[in-house]
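Below: one structure, written as structure tokens.
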Amino acid sequence: MESSLAQVAESTVEAIIAEVPSYAGALAGQMGATIRNAVELALGGFLTLASKEDVSTPLAPALDGAYRLGRGEARSGRTMEALLAAYRIGARVAWRDLSRAAVAQGVDAEQVARFAELVFAYIDELSAASAAGHTDELESTGRIRQRNLERLARALVSGAAPDAIAAAAARAEWDPPEALAAVLLPESQGSQALKLLSADTLQPTDDLADVPEGHGLLLVPSADSTSGRQGLLRALRGTSAVVGPTVPWLEVARSHHRAVRACALEIEGLVDTDEHLADLILGADAATRADLRALVLAPLADLRPATAEKLTDTLRSWVLNQGRRDAVAGELFVHPQTVRYRVQQLRELYGDRLEAPQFVLQATLALA
């Protein structure tokens, strides 16, 4: 088993990176090499413990290291859930690989079962020590940092001056990402979503006037690229989140305002605001749009309501289908000759305006 420690440690770290998103960045570069070495040393210490006749050998060094790890994770902003998930995955991968080595060397079933019991007892001890360290850190400096993070989030959403936001980020020990996206989602889905998002996600906890009732706001670091945004949307799959645009981090108030407006559209399921820009524009000023609609339909005002309704539908389809008669007929479920007759009526009412680019634009915006 000792001869395979390096390979087992590598497999363990790779599994944690793949299955716990919070650790994807933390396990890269020099930090990744340090952690890989620490994992290998921990596994080696465990094998030393397992090889002794008396398995009650003191665990003080290992437990002290786990306690300090828990405090460090709290300072880094990662949740205890992420660390416990890493422990579970590490135990699973280490048990799989080490037990395979044991079986290959002819260790009998009784000893393999005893070995499994010791693996998970060891992990339970380490998890408990880390949880205690994490809690102790949050109860001291962690609480102060959390308050500073909340103040930073409020400053970003309120559109405070860049200098004030930068100072708030420094106080919170928060490294600004390239870009942020505002995410609104039901409060009941917030804690689960946080497990799948970056550890640097900001969450204003105070009630914000423009956040819809029963919803929470997250400010999520997201690479300002198509692949980065797709990754964010994949993480939120299965939720009812409304995802604002990905913008430079100092401009996240703009993303927040768009998400709030999109939430008012009451679209079911996961909503990517980038796919509803036309709806957002058309709904930006309802009163002005109503005035524009009345202006566009003024020539139909004196007609019988049934006739006015049919001609309104025809005008809408005519401009949206760019005058293609067969397309209009198919959309309205009428004969092309009927379309021709109705368009002739419209020409008589609107005259040359029916073909004017400015009128076509107005009718498209008013009737779309």
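For the structure tokens, the naming scheme is as follows: chains receive sequential letters (A, B, ...) according to their order of presentation, residues are indexed from 1 within each chain, and ligands are indexed from 1 in presentation order.
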
Give me the residues of segment 115-178 of chain A that have any atom at most 8 Å from an atom of segment 83-102 of chain A; for each, the nearest atom pair and the distance in Å, rounded to one decimal. Use only C-alpha atoms, sort by chain and number, and format it as a Markdown table.
| residue | atom | partner | partner_atom | distance |
| --- | --- | --- | --- | --- |
| A:Ala116 | CA | A:Trp95 | CA | 7.0 |
| A:Val119 | CA | A:Trp95 | CA | 7.1 |
| A:Phe120 | CA | A:Ala91 | CA | 7.0 |
| A:Ile123 | CA | A:Ala91 | CA | 6.8 |
| A:Ser127 | CA | A:Leu84 | CA | 6.5 |

Residues as selected, C-alpha atoms, written as a short mmCIF file (atom, residue, chain, number, x, y, z; two decimals), in the first residue's frame, can you do that?
data_model
loop_
_atom_site.label_atom_id
_atom_site.label_comp_id
_atom_site.auth_asym_id
_atom_site.auth_seq_id
_atom_site.Cartn_x
_atom_site.Cartn_y
_atom_site.Cartn_z
CA ALA A 116 -12.57 -0.56 5.94
CA VAL A 119 -10.71 4.00 7.20
CA PHE A 120 -14.13 5.44 7.90
CA ILE A 123 -12.31 10.03 8.37
CA SER A 127 -14.18 15.50 9.80
#

Quiz item: Neighbours of Ser225 of chain A within 9 Å (only C-alpha atoms; same-chain residues fewer than 4 positions away dropped), as number ranges by chain?
Solution: A: 229-230, 246

Selected residues written out, N, CA and C atoms, as a short mmCIF file (atom, residue, chain, number, x, y, z; two decimals), in the first residue's frame:
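The new file part-v9.cif reads:
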data_model
loop_
_atom_site.label_atom_id
_atom_site.label_comp_id
_atom_site.auth_asym_id
_atom_site.auth_seq_id
_atom_site.Cartn_x
_atom_site.Cartn_y
_atom_site.Cartn_z
N ARG A 229 -20.24 31.49 -18.99
CA ARG A 229 -21.66 31.66 -18.70
C ARG A 229 -22.40 30.33 -18.81
N GLN A 230 -22.03 29.52 -19.77
CA GLN A 230 -22.68 28.22 -19.89
C GLN A 230 -22.41 27.36 -18.66
N THR A 246 -23.70 38.66 -17.63
CA THR A 246 -22.36 38.65 -17.06
C THR A 246 -21.68 39.96 -17.44
#

Quiz item: Could you pull out the strand (DSSP E) residues of segment 146-238 of chain A from DSSP and send them as a list in words?
Solution: Ala179, Leu180, Ala181, Ala182, Val183, Leu184, Leu185, Pro186, His215, Gly216, Leu217, Leu218, Leu219, Val220 and Pro221 of chain A

Practice problem: Give the answer as one residue: which of A:Ala253, A:Thr364, A:Val8, A:Arg340 has the shortest atom-to-atom distance to Arg293 of chain A, using only C-alpha atoms? | Solution: A:Thr364

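Between Pro61 of chain A and the candidates A:Leu218, A:Ala113, A:Ile16, A:Leu126, the tightest atom-to-atom separation, counting only C-alpha atoms, involves A:Leu126.
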
Quiz prompt | Nearest to Tyr350 of chain A, chosen from A:Asp175, A:Ala15, A:Ala363, A:Arg75, with only C-alpha atoms counted in the distances | solution =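 Comparing A:Asp175, A:Ala15, A:Ala363, A:Arg75 against Tyr350 of chain A, the winner is A:Ala363.
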
Quiz prompt | Who sits within 9 Å of Glu178 of chain A, only C-alpha atoms, same chain under 6 positions skipped, as a VMD selection string | solution = chain A and resid 221 to 224 247 to 249
